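What's in coords_35.tsv: TSV, C-alpha atoms
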chain	number	residue	atom	x	y	z
L	10	MET	CA	-28.00	96.23	-88.33
L	11	LYS	CA	-30.96	95.35	-86.24
L	12	THR	CA	-31.16	92.04	-88.00
L	13	SER	CA	-27.52	91.36	-87.33
L	14	SER	CA	-27.89	92.21	-83.67
L	15	PHE	CA	-30.95	90.04	-83.35
L	16	LEU	CA	-29.09	87.07	-84.89
L	17	THR	CA	-26.19	87.59	-82.55
L	18	LEU	CA	-28.50	87.68	-79.54
L	19	ALA	CA	-30.34	84.55	-80.67
L	20	THR	CA	-27.08	82.74	-81.20
L	21	VAL	CA	-25.86	83.62	-77.71
L	22	SER	CA	-29.16	82.52	-76.23
L	23	VAL	CA	-28.98	79.15	-77.96
L	24	ILE	CA	-25.40	78.65	-76.81
L	25	PHE	CA	-26.41	79.57	-73.22
L	26	LEU	CA	-29.30	77.10	-73.27
L	27	VAL	CA	-27.04	74.36	-74.62
L	28	LEU	CA	-24.45	75.00	-71.93
L	29	LEU	CA	-27.16	75.09	-69.24
L	30	SER	CA	-28.53	71.78	-70.49
L	31	CYS	CA	-25.07	70.20	-70.41
L	32	ASP	CA	-24.50	71.44	-66.85
L	33	VAL	CA	-27.79	69.93	-65.65
L	34	ASP	CA	-26.96	66.57	-67.25
L	35	ALA	CA	-23.52	66.61	-65.68
L	36	LYS	CA	-25.00	67.26	-62.20
L	37	LYS	CA	-27.47	64.43	-62.65
L	38	LYS	CA	-24.70	62.04	-63.61
L	39	ASP	CA	-22.61	63.17	-60.66
L	40	LYS	CA	-25.53	62.64	-58.29
L	41	ASN	CA	-26.21	59.19	-59.67
L	42	LEU	CA	-22.50	58.33	-59.25
L	43	LYS	CA	-22.54	59.36	-55.56
L	44	VAL	CA	-25.60	57.26	-54.87
L	45	THR	CA	-24.01	54.23	-56.51
L	46	VAL	CA	-20.77	54.55	-54.49
L	47	ALA	CA	-22.72	55.03	-51.31
L	48	ASP	CA	-24.70	51.88	-52.05
L	49	ASP	CA	-21.44	49.97	-52.53
L	50	VAL	CA	-19.85	50.97	-49.20
L	51	SER	CA	-22.88	51.01	-46.92
L	52	PRO	CA	-23.69	47.83	-44.86
L	53	PRO	CA	-26.41	45.59	-46.19
L	54	ALA	CA	-29.85	46.14	-44.77
L	55	PRO	CA	-30.66	43.70	-41.96
L	56	ALA	CA	-32.73	40.75	-42.99
L	57	LYS	CA	-36.26	40.73	-41.86
L	58	LYS	CA	-36.63	38.50	-38.78
L	59	THR	CA	-39.06	35.65	-38.93
L	60	LYS	CA	-40.88	34.36	-35.86
L	61	LYS	CA	-38.86	31.13	-35.86
L	62	ALA	CA	-35.56	32.99	-36.01
L	63	ALA	CA	-36.60	35.27	-33.17
L	64	ALA	CA	-37.63	32.32	-31.05
L	65	ALA	CA	-34.36	30.55	-31.75
L	66	LYS	CA	-32.41	33.61	-30.66
L	67	GLU	CA	-34.39	34.13	-27.47
L	68	THR	CA	-34.24	30.45	-26.39
L	69	PRO	CA	-30.73	29.47	-25.10
L	70	ALA	CA	-29.17	26.44	-26.72
L	71	PRO	CA	-29.07	23.34	-24.50
L	72	PRO	CA	-25.64	22.62	-22.99
L	73	ALA	CA	-23.51	20.05	-24.73
L	74	LYS	CA	-23.76	16.61	-23.22
L	75	SER	CA	-20.75	15.78	-21.11
L	76	ALA	CA	-19.60	12.47	-19.70
L	77	PRO	CA	-21.49	11.60	-16.51
L	78	SER	CA	-19.61	12.67	-13.44
L	79	LYS	CA	-18.25	9.77	-11.43
L	80	HIS	CA	-18.09	11.59	-8.12
L	81	LYS	CA	-20.63	13.05	-5.79
L	82	ASP	CA	-21.01	16.73	-5.07
L	83	ASP	CA	-19.00	18.27	-2.27
L	84	ASP	CA	-22.13	18.85	-0.20
L	85	ASN	CA	-22.45	15.07	0.08
L	86	SER	CA	-19.15	14.86	1.93
L	87	ILE	CA	-18.42	12.45	4.77
L	88	ASP	CA	-18.53	13.65	8.39
L	89	ASP	CA	-15.25	15.18	9.52
L	90	VAL	CA	-14.50	14.05	13.09
L	91	ASP	CA	-11.79	14.18	15.74
L	92	GLU	CA	-10.30	11.58	18.09
L	93	ASP	CA	-12.99	12.01	20.77
L	94	ARG	CA	-15.80	11.39	18.29
L	95	ILE	CA	-14.04	8.29	16.94
L	96	ASP	CA	-13.68	6.90	20.47
L	97	GLU	CA	-17.36	7.57	21.05
L	98	ILE	CA	-18.35	5.64	17.92
L	99	LEU	CA	-16.05	2.73	18.77
L	100	ARG	CA	-17.70	2.37	22.18
L	101	ASP	CA	-20.80	1.24	20.31
L	102	ALA	CA	-19.97	-2.44	19.86
L	103	SER	CA	-22.74	-2.88	17.28
L	104	LYS	CA	-21.04	-0.56	14.77
L	105	ASN	CA	-18.12	-1.10	12.42
L	106	LEU	CA	-16.21	2.02	11.48
L	107	VAL	CA	-14.40	3.10	8.30
L	108	ILE	CA	-11.95	5.96	8.88
L	109	PHE	CA	-10.50	7.92	5.95
L	110	LEU	CA	-7.35	9.75	7.05
L	111	TYR	CA	-6.11	12.76	5.09
L	112	ASP	CA	-3.48	15.44	5.55
L	113	GLY	CA	-4.94	18.74	6.68
L	114	LYS	CA	-1.64	20.58	7.15
L	115	VAL	CA	-0.23	20.57	3.61
L	116	PRO	CA	-1.90	20.53	0.17
L	117	CYS	CA	-2.74	16.95	-0.78
L	118	PRO	CA	-4.31	16.55	-4.25
L	119	THR	CA	-4.24	12.76	-3.95
L	120	CYS	CA	-6.23	13.05	-0.72
L	121	THR	CA	-8.97	14.96	-2.55
L	122	GLU	CA	-9.12	12.38	-5.34
L	123	ALA	CA	-9.13	9.49	-2.88
L	124	LEU	CA	-11.87	11.08	-0.80
L	125	SER	CA	-14.03	11.36	-3.93
L	126	GLU	CA	-13.68	7.61	-4.46
L	127	VAL	CA	-14.69	6.91	-0.86
L	128	GLU	CA	-17.68	9.25	-1.13
L	129	GLU	CA	-18.69	7.38	-4.28
L	130	ILE	CA	-19.42	4.26	-2.19
L	131	ASP	CA	-20.33	5.93	1.10
L	132	ASP	CA	-24.05	5.23	0.69
L	133	ASP	CA	-23.40	1.60	-0.30
L	134	ILE	CA	-21.25	1.05	2.79
L	135	GLU	CA	-23.65	2.65	5.26
L	136	ALA	CA	-26.64	0.91	3.66
L	137	THR	CA	-25.61	-2.22	5.59
L	138	GLY	CA	-26.83	-0.53	8.75
L	139	TYR	CA	-23.82	-1.54	10.85
L	140	VAL	CA	-20.97	0.40	9.20
L	141	GLN	CA	-20.31	4.10	9.63
L	142	VAL	CA	-17.91	6.14	7.48
L	143	VAL	CA	-15.99	9.18	8.74
L	144	LYS	CA	-12.93	11.19	7.76
L	145	THR	CA	-10.31	12.90	9.92
L	146	ASN	CA	-7.11	14.90	9.71
L	147	ASP	CA	-6.45	14.47	13.45
L	148	ARG	CA	-2.75	13.60	13.69
L	149	SER	CA	-3.22	11.89	17.06
L	150	VAL	CA	-5.51	9.34	15.39
L	151	ALA	CA	-2.92	8.75	12.67
L	152	ARG	CA	-0.14	8.25	15.23
L	153	GLU	CA	-2.22	5.81	17.24
L	154	LEU	CA	-2.80	3.73	14.11
L	155	GLY	CA	0.82	3.91	12.95
L	156	ILE	CA	-0.04	5.97	9.86
L	157	ASN	CA	2.42	8.48	8.41
L	158	VAL	CA	1.39	8.35	4.74
L	159	PHE	CA	-1.74	10.07	3.43
L	160	PRO	CA	-4.33	9.31	2.25
L	161	SER	CA	-4.97	6.13	4.28
L	162	LEU	CA	-7.97	4.11	5.31
L	163	VAL	CA	-8.59	1.94	8.38
L	164	TYR	CA	-11.55	-0.39	8.88
L	165	TYR	CA	-12.62	-1.24	12.44
L	166	ARG	CA	-14.54	-4.53	12.71
L	167	ARG	CA	-15.86	-5.00	16.25
L	168	LYS	CA	-13.06	-2.71	17.46
L	169	ASN	CA	-10.42	-4.68	15.51
L	170	PRO	CA	-8.69	-2.35	13.02
L	171	ILE	CA	-7.24	-3.35	9.65
L	172	LEU	CA	-5.16	-1.10	7.37
L	173	TYR	CA	-6.17	-0.79	3.70
L	174	ASP	CA	-3.11	-1.59	1.57
L	175	GLY	CA	-4.51	-0.86	-1.90
L	176	ASP	CA	-4.85	2.29	-3.99
L	177	PHE	CA	-7.78	4.69	-4.27
L	178	LYS	CA	-8.13	4.71	-8.05
L	179	ASP	CA	-11.34	2.67	-8.22
L	180	SER	CA	-14.16	2.93	-5.70
L	181	GLU	CA	-15.50	-0.50	-6.68
L	182	ASN	CA	-12.21	-2.17	-5.77
L	183	LEU	CA	-12.29	-0.41	-2.41
L	184	LEU	CA	-15.86	-1.59	-1.79
L	185	ARG	CA	-14.90	-5.18	-2.62
L	186	TRP	CA	-11.96	-4.95	-0.22
L	187	LEU	CA	-14.21	-3.76	2.62
L	188	ARG	CA	-16.66	-6.58	2.05
L	189	ALA	CA	-13.88	-9.16	1.89
L	190	HIS	CA	-12.36	-8.01	5.19
L	191	GLU	CA	-15.40	-7.89	7.44
L	192	GLU	CA	-14.16	-10.93	9.40
L	193	VAL	CA	-11.29	-10.61	11.87
L	194	ALA	CA	-8.40	-12.84	10.80
L	195	THR	CA	-6.02	-12.39	13.75
L	196	TRP	CA	-6.26	-14.72	16.78
L	197	ASP	CA	-6.02	-13.08	20.20
L	198	LEU	CA	-3.80	-15.35	22.32
L	199	THR	CA	-3.29	-15.48	26.10
L	200	ASP	CA	-1.27	-17.44	28.64
L	201	ASP	CA	-4.13	-19.92	28.88
L	202	THR	CA	-4.72	-20.39	25.15
L	203	PHE	CA	-1.31	-19.92	23.54
L	204	GLU	CA	-0.07	-23.51	23.51
L	205	SER	CA	-3.43	-25.18	23.09
L	206	ARG	CA	-4.14	-22.97	20.09
L	207	THR	CA	-0.74	-22.89	18.38
L	208	ASP	CA	0.72	-26.25	19.47
L	209	SER	CA	4.06	-24.55	18.93
L	210	HIS	CA	6.24	-27.05	20.82
L	211	SER	CA	5.15	-30.29	19.20
L	212	PRO	CA	2.79	-29.62	16.28
L	213	ASP	CA	1.08	-32.41	14.40
L	214	GLU	CA	2.49	-33.44	11.04
L	215	GLY	CA	1.24	-31.14	8.30
L	216	SER	CA	-0.24	-28.55	10.65
L	217	ILE	CA	-0.29	-24.92	9.55
L	218	ASP	CA	2.47	-22.61	10.80
L	219	TRP	CA	1.80	-19.77	13.21
L	220	PHE	CA	3.04	-16.20	12.93
L	221	VAL	CA	2.66	-14.34	16.25
L	222	MET	CA	3.17	-10.69	17.18
L	223	PHE	CA	4.16	-9.89	20.78
L	224	TYR	CA	3.19	-6.29	21.53
L	225	ASP	CA	2.55	-3.87	24.38
L	226	ALA	CA	-0.87	-2.21	24.20
L	227	ASP	CA	0.25	0.45	26.67
L	228	GLU	CA	3.08	1.60	24.42
L	229	GLY	CA	1.96	3.71	21.46
L	230	ASN	CA	4.56	2.70	18.87
L	231	SER	CA	4.02	-0.98	19.61
L	232	ASN	CA	0.23	-0.83	19.65
L	233	ALA	CA	0.24	1.07	16.34
L	234	PHE	CA	1.17	-2.15	14.52
L	235	VAL	CA	-2.19	-3.80	15.28
L	236	PRO	CA	-3.99	-2.56	12.10
L	237	LEU	CA	-1.04	-3.51	9.90
L	238	TRP	CA	-0.85	-6.94	11.57
L	239	GLU	CA	-4.50	-7.59	10.73
L	240	THR	CA	-3.70	-6.82	7.09
L	241	VAL	CA	-0.90	-9.38	7.22
L	242	ALA	CA	-3.34	-11.90	8.69
L	243	HIS	CA	-5.69	-11.49	5.74
L	244	LYS	CA	-2.81	-11.81	3.27
L	245	LEU	CA	-1.77	-15.11	4.89
L	246	ARG	CA	-5.28	-16.43	5.47
L	247	GLY	CA	-5.43	-20.14	4.74
L	248	LEU	CA	-1.64	-20.36	4.45
L	249	VAL	CA	-0.33	-19.30	7.87
L	250	ASN	CA	-2.27	-18.72	11.08
L	251	VAL	CA	-1.66	-15.26	12.51
L	252	GLY	CA	-2.01	-14.35	16.18
L	253	LYS	CA	-1.11	-11.59	18.59
L	254	ILE	CA	-0.44	-11.58	22.31
L	255	GLU	CA	-0.33	-8.64	24.71
L	256	ILE	CA	2.78	-8.98	26.87
L	257	SER	CA	1.73	-6.73	29.76
L	258	VAL	CA	-1.05	-9.14	30.80
L	259	ASN	CA	0.48	-12.47	29.71
L	260	ASP	CA	3.63	-12.93	31.76
L	261	ASP	CA	4.01	-16.70	31.27
L	262	VAL	CA	4.31	-16.62	27.49
L	263	THR	CA	6.42	-13.46	27.63
L	264	GLU	CA	8.93	-15.12	29.98
L	265	ARG	CA	8.85	-18.39	28.09
L	266	PHE	CA	10.02	-16.73	24.86
L	267	HIS	CA	12.25	-14.12	26.59
L	268	ILE	CA	10.39	-11.14	25.15
L	269	GLU	CA	11.69	-7.74	26.29
L	270	GLU	CA	9.24	-4.86	26.49
L	271	ARG	CA	11.68	-2.45	24.84
L	272	GLU	CA	11.93	-4.74	21.78
L	273	CYS	CA	8.21	-4.84	21.02
L	274	PRO	CA	6.69	-5.51	18.67
L	275	VAL	CA	8.41	-8.88	18.24
L	276	PHE	CA	7.38	-11.26	15.43
L	277	LEU	CA	7.97	-15.01	15.78
L	278	LEU	CA	7.16	-17.67	13.19
L	279	PHE	CA	6.53	-21.18	14.55
L	280	HIS	CA	7.29	-23.93	12.05
L	281	ARG	CA	7.50	-27.66	12.90
L	282	GLY	CA	8.61	-27.19	16.50
L	283	LYS	CA	11.11	-24.43	15.71
L	284	MET	CA	10.81	-20.69	15.91
L	285	TYR	CA	12.18	-18.00	13.61
L	286	ARG	CA	12.44	-14.36	14.63
L	287	TYR	CA	11.78	-11.57	12.15
L	288	LYS	CA	14.82	-9.27	12.27
L	289	GLU	CA	14.38	-6.95	9.29
L	290	SER	CA	14.15	-3.21	9.95
L	291	ALA	CA	11.27	-2.83	7.47
L	292	LYS	CA	8.01	-3.72	9.18
L	293	ASP	CA	5.54	-3.44	6.34
L	294	VAL	CA	2.86	-5.81	5.04
L	295	ARG	CA	4.89	-7.17	2.12
L	296	SER	CA	8.07	-7.82	4.09
L	297	LEU	CA	6.26	-9.57	6.95
L	298	THR	CA	4.17	-11.66	4.55
L	299	ASN	CA	7.20	-12.74	2.54
L	300	PHE	CA	9.02	-13.72	5.72
L	301	ALA	CA	6.16	-15.95	6.87
L	302	LEU	CA	5.90	-17.66	3.47
L	303	HIS	CA	9.53	-18.32	2.57
L	304	LYS	CA	12.13	-15.81	3.87
L	305	TYR	CA	12.25	-17.49	7.29
L	306	LYS	CA	14.06	-20.40	5.62
L	307	GLU	CA	17.14	-18.20	5.30
L	308	GLN	CA	17.55	-18.31	9.10
L	309	ARG	CA	18.57	-21.07	11.47
L	310	GLY	CA	15.55	-22.02	13.57
L	311	HIS	CA	15.65	-22.54	17.34
L	312	ARG	CA	13.76	-25.15	19.30
L	313	VAL	CA	10.57	-23.86	20.84
L	314	PRO	CA	10.84	-23.82	24.68
L	315	GLU	CA	8.68	-26.34	26.48
L	316	PRO	CA	5.33	-25.06	27.72
L	317	PRO	CA	4.95	-24.80	31.51
L	318	THR	CA	3.83	-27.96	33.28
L	319	ALA	CA	0.69	-28.16	35.37
L	320	ILE	CA	2.76	-27.72	38.55
L	321	GLU	CA	4.46	-24.66	37.12
L	322	GLN	CA	1.13	-23.22	36.13
L	323	VAL	CA	-0.17	-23.74	39.67
L	324	TYR	CA	2.97	-22.07	40.96
L	325	GLU	CA	2.51	-19.05	38.72
L	326	PHE	CA	-1.14	-18.79	39.67
L	327	ALA	CA	-0.35	-18.98	43.39
L	328	LYS	CA	2.44	-16.46	43.02
L	329	GLU	CA	0.16	-13.95	41.37
L	330	LYS	CA	-2.52	-14.38	44.03
L	331	ILE	CA	-0.02	-13.99	46.84
L	332	MET	CA	1.45	-10.88	45.28
L	333	ASP	CA	-2.05	-9.42	44.94
L	334	VAL	CA	-2.75	-10.13	48.63
L	335	MET	CA	0.56	-8.60	49.65
L	336	ASP	CA	-0.25	-5.47	47.69
L	337	ASP	CA	-3.65	-5.21	49.36
L	338	ASN	CA	-2.62	-6.00	52.95
L	339	GLN	CA	0.90	-5.46	54.22
L	340	THR	CA	0.24	-7.44	57.40
L	341	LEU	CA	0.17	-10.61	55.30
L	342	SER	CA	3.54	-9.92	53.69
L	343	VAL	CA	5.51	-12.28	55.92
L	344	LEU	CA	2.96	-15.06	55.50
L	345	GLY	CA	2.92	-14.46	51.76
L	346	VAL	CA	6.71	-14.65	51.44
L	347	GLY	CA	6.80	-17.84	53.51
L	348	GLY	CA	4.09	-19.47	51.42
L	349	LEU	CA	5.86	-18.45	48.23
L	350	ILE	CA	9.12	-20.00	49.40
L	351	VAL	CA	7.34	-23.28	50.16
L	352	ILE	CA	5.68	-23.34	46.73
L	353	VAL	CA	8.98	-22.61	44.97
L	354	ALA	CA	10.74	-25.37	46.93
L	355	VAL	CA	8.07	-27.94	46.10
L	356	THR	CA	8.15	-26.95	42.44
L	357	LEU	CA	11.92	-27.28	42.24
L	358	ILE	CA	11.86	-30.68	43.93
L	359	ILE	CA	9.23	-31.99	41.50
L	360	LYS	CA	11.10	-30.62	38.52
L	361	ALA	CA	14.39	-32.16	39.71
L	362	TYR	CA	12.68	-35.52	40.15
L	363	ARG	CA	11.26	-35.33	36.65
L	364	ILE	CA	14.65	-34.47	35.12
L	365	ARG	CA	16.28	-37.40	37.00
L	366	ALA	CA	13.57	-39.75	35.70
L	367	GLU	CA	14.12	-38.56	32.14
L	368	ASN	CA	17.87	-39.10	32.46
L	369	LYS	CA	17.33	-42.66	33.71
L	370	ASN	CA	15.10	-43.40	30.76
L	371	LYS	CA	17.73	-42.12	28.37
L	372	VAL	CA	20.44	-44.32	30.00
L	373	ALA	CA	18.16	-47.34	29.88
What would the structure in this file look like if it were written as structure tokens?
Amino acid sequence: MKTSSFLTLATVSVIFLVLLSCDVDAKKKDKNLKVTVADDVSPPAPAKKTKKAAAAKETPAPPAKSAPSKHKDDDNSIDDVDEDRIDEILRDASKNLVIFLYDGKVPCPTCTEALSEVEEIDDDIEATGYVQVVKTNDRSVARELGINVFPSLVYYRRKNPILYDGDFKDSENLLRWLRAHEEVATWDLTDDTFESRTDSHSPDEGSIDWFVMFYDADEGNSNAFVPLWETVAHKLRGLVNVGKIEISVNDDVTERFHIEERECPVFLLFHRGKMYRYKESAKDVRSLTNFALHKYKEQRGHRVPEPPTAIEQVYEFAKEKIMDVMDDNQTLSVLGVGGLIVIVAVTLIIKAYRIRAENKNKVA
């Protein structure tokens, strides 16, 4: 009985030890499984940094090379001026002046681009020592120069303006234009020089034609054509001579060609003793240039009036002097009127005698 009980107890103990051993093995396997899964899902350990890698991370990479900028920085911009400052610069006869005109009232992207091109060559222009470059959005300056399209550029050479008629896409082209237009191409004509210079009445065979603008410097709309007219002169250089005459101070030529102040500016082409009047409404560089070169042929020319004779010139001179005296001293008015009547009578008699002589020669 005791033996049987002892065997039973030993058997149970063995079974218990076996079960306990199995449980421990199972726990170990379960623990190993958890560690393996954790290793699979956890992020990899960071790689050990080397000195070179650390230095590369701390030192910023150099910026990628870009195409060299064509334009200057904004802080290198051209002086922005108003009408008073422009007048002050122009009073200095030793300076030429380049004026860039832009629109300051409405957004103008093309003005910004064009200004960049001008700034690109600003230093080259002013390096000459006698040319100054400015910019302005003063509308009164634009009106005075006849400009209503922006951007625009005007170049004053010894107070003689010329309007740039190209684009602003290439600063080098603009610089070449400025250098090619430093000389004034328009002739300033007067009562004393008109006929001797143009020989409009009886030109020599093969002489170059003349294209002349009659304008009033005291009238804004008329005077605004001066820069454009200088551009025309450069376009026709070597092909047609271009001149201008101010009607308010040159009465003889104005009366000779029957120029009315309200019509100014008036453009007359003189070709082989005949004159052709430009009548188109468009008064731009291309239209005026084409007229001078070939469009005038579509009109019927008129004979150029004879220039005043020496006697008539003396008469005009005396008349002006007498009128000046009469304006200065009213006590000489009667004497002045009497002297004027005598001069007119003598002039008419001489002219009648000359006409009679010419008629006799024709009959003979």
Quick one: of L:Val221, L:Val294, L:Val107, L:Val235, who's nearest to L:Arg188, counting all atoms listed in the file? L:Val107
Can you list, as a PyMOL selection string, every protein, DNA or RNA residue that comes within 12 Å of L:Val127 when you count only C-alpha atoms, leaving out same-chain residues fewer than 2 positions away? chain L and resi 79-81+85-87+107-111+120-125+129-135+142-144+160-162+176-184+187
Output as JSON lines one row per residue of stretch 142-242 of chain L within 12 Å of stretch 261-278 of chain L: the closest atom pair and its distance in Å to one decimal place, counting only C-alpha atoms, sorted by chain and residue number ascending.
{"residue": "L:Leu198", "atom": "CA", "partner": "L:Val262", "partner_atom": "CA", "distance": 9.7}
{"residue": "L:Thr199", "atom": "CA", "partner": "L:Val262", "partner_atom": "CA", "distance": 7.8}
{"residue": "L:Asp200", "atom": "CA", "partner": "L:Val262", "partner_atom": "CA", "distance": 5.8}
{"residue": "L:Asp201", "atom": "CA", "partner": "L:Asp261", "partner_atom": "CA", "distance": 9.1}
{"residue": "L:Thr202", "atom": "CA", "partner": "L:Val262", "partner_atom": "CA", "distance": 10.1}
{"residue": "L:Phe203", "atom": "CA", "partner": "L:Val262", "partner_atom": "CA", "distance": 7.6}
{"residue": "L:Glu204", "atom": "CA", "partner": "L:Val262", "partner_atom": "CA", "distance": 9.1}
{"residue": "L:Thr207", "atom": "CA", "partner": "L:Leu278", "partner_atom": "CA", "distance": 10.8}
{"residue": "L:Ser209", "atom": "CA", "partner": "L:Leu278", "partner_atom": "CA", "distance": 9.5}
{"residue": "L:His210", "atom": "CA", "partner": "L:Arg265", "partner_atom": "CA", "distance": 11.6}
{"residue": "L:Ile217", "atom": "CA", "partner": "L:Leu278", "partner_atom": "CA", "distance": 11.0}
{"residue": "L:Asp218", "atom": "CA", "partner": "L:Leu278", "partner_atom": "CA", "distance": 7.2}
{"residue": "L:Trp219", "atom": "CA", "partner": "L:Leu278", "partner_atom": "CA", "distance": 5.8}
{"residue": "L:Phe220", "atom": "CA", "partner": "L:Leu278", "partner_atom": "CA", "distance": 4.4}
{"residue": "L:Val221", "atom": "CA", "partner": "L:Leu277", "partner_atom": "CA", "distance": 5.4}
{"residue": "L:Met222", "atom": "CA", "partner": "L:Phe276", "partner_atom": "CA", "distance": 4.6}
{"residue": "L:Phe223", "atom": "CA", "partner": "L:Val275", "partner_atom": "CA", "distance": 5.1}
{"residue": "L:Tyr224", "atom": "CA", "partner": "L:Pro274", "partner_atom": "CA", "distance": 4.6}
{"residue": "L:Asp225", "atom": "CA", "partner": "L:Cys273", "partner_atom": "CA", "distance": 6.7}
{"residue": "L:Ala226", "atom": "CA", "partner": "L:Pro274", "partner_atom": "CA", "distance": 9.9}
{"residue": "L:Asp227", "atom": "CA", "partner": "L:Glu270", "partner_atom": "CA", "distance": 10.4}
{"residue": "L:Glu228", "atom": "CA", "partner": "L:Cys273", "partner_atom": "CA", "distance": 8.9}
{"residue": "L:Gly229", "atom": "CA", "partner": "L:Cys273", "partner_atom": "CA", "distance": 10.6}
{"residue": "L:Asn230", "atom": "CA", "partner": "L:Pro274", "partner_atom": "CA", "distance": 8.5}
{"residue": "L:Ser231", "atom": "CA", "partner": "L:Pro274", "partner_atom": "CA", "distance": 5.3}
{"residue": "L:Asn232", "atom": "CA", "partner": "L:Pro274", "partner_atom": "CA", "distance": 8.0}
{"residue": "L:Ala233", "atom": "CA", "partner": "L:Pro274", "partner_atom": "CA", "distance": 9.5}
{"residue": "L:Phe234", "atom": "CA", "partner": "L:Pro274", "partner_atom": "CA", "distance": 7.7}
{"residue": "L:Val235", "atom": "CA", "partner": "L:Pro274", "partner_atom": "CA", "distance": 9.7}
{"residue": "L:Leu237", "atom": "CA", "partner": "L:Pro274", "partner_atom": "CA", "distance": 11.9}
{"residue": "L:Trp238", "atom": "CA", "partner": "L:Phe276", "partner_atom": "CA", "distance": 10.1}
{"residue": "L:Val241", "atom": "CA", "partner": "L:Phe276", "partner_atom": "CA", "distance": 11.8}
Taking the point (-10.2, -0.3, 17.3) as given in the file, collect each protein or nucleic acid residue that comes within 10 Å of it, counting only C-alpha atoms, and present the set as a PyMOL selection string. chain L and resi 95-96+99-100+105-106+154+163-171+235-236
Atomic separation - atom CA of L:Gln308 relative to atom CA of L:Gly252, Å: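 Here the two named atoms are 21.2 Å from each other.
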What are the centre and edge lengths in Å, to one decimal, of the axis-aligned box around all listed atoms of stretch 265-283 of chain L with 5 Å added on each side, as lines of an AutoDock Vina configuration file?
center_x = 9.4
center_y = -15.1
center_z = 20.1
size_x = 15.7
size_y = 35.2
size_z = 26.0
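Across the model, the gap from atom CA of L:Asn157 to atom CA of L:Thr240 is 16.5 Å.
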Straight-line distance linking atom CA of L:Ala366 with atom CA of L:Pro314, stated in Å to one decimal: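 Atom CA of L:Pro314 lies at a distance of 19.6 Å from atom CA of L:Ala366.
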Name the closest residue to L:Cys117 among the candidates L:Ala194, L:Thr137, L:Asp91, L:Phe159; distances are taken between atoms, counting all atoms listed in the file.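 Ranking L:Ala194, L:Thr137, L:Asp91, L:Phe159 by distance to L:Cys117, first place goes to L:Phe159.
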Find, counting only C-alpha atoms, the residue in L:Gly138, L:Ser290, L:Val158, L:Ser211 that gets nearest to L:Thr119.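 Smallest distance to L:Thr119 is found for L:Val158.
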Calculated over all atoms listed in the file, which of the candidates L:His190, L:Glu92, L:Gly247, L:Val351 has the smallest distance to L:Glu153?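 Ranking L:His190, L:Glu92, L:Gly247, L:Val351 by distance to L:Glu153, first place goes to L:Glu92.
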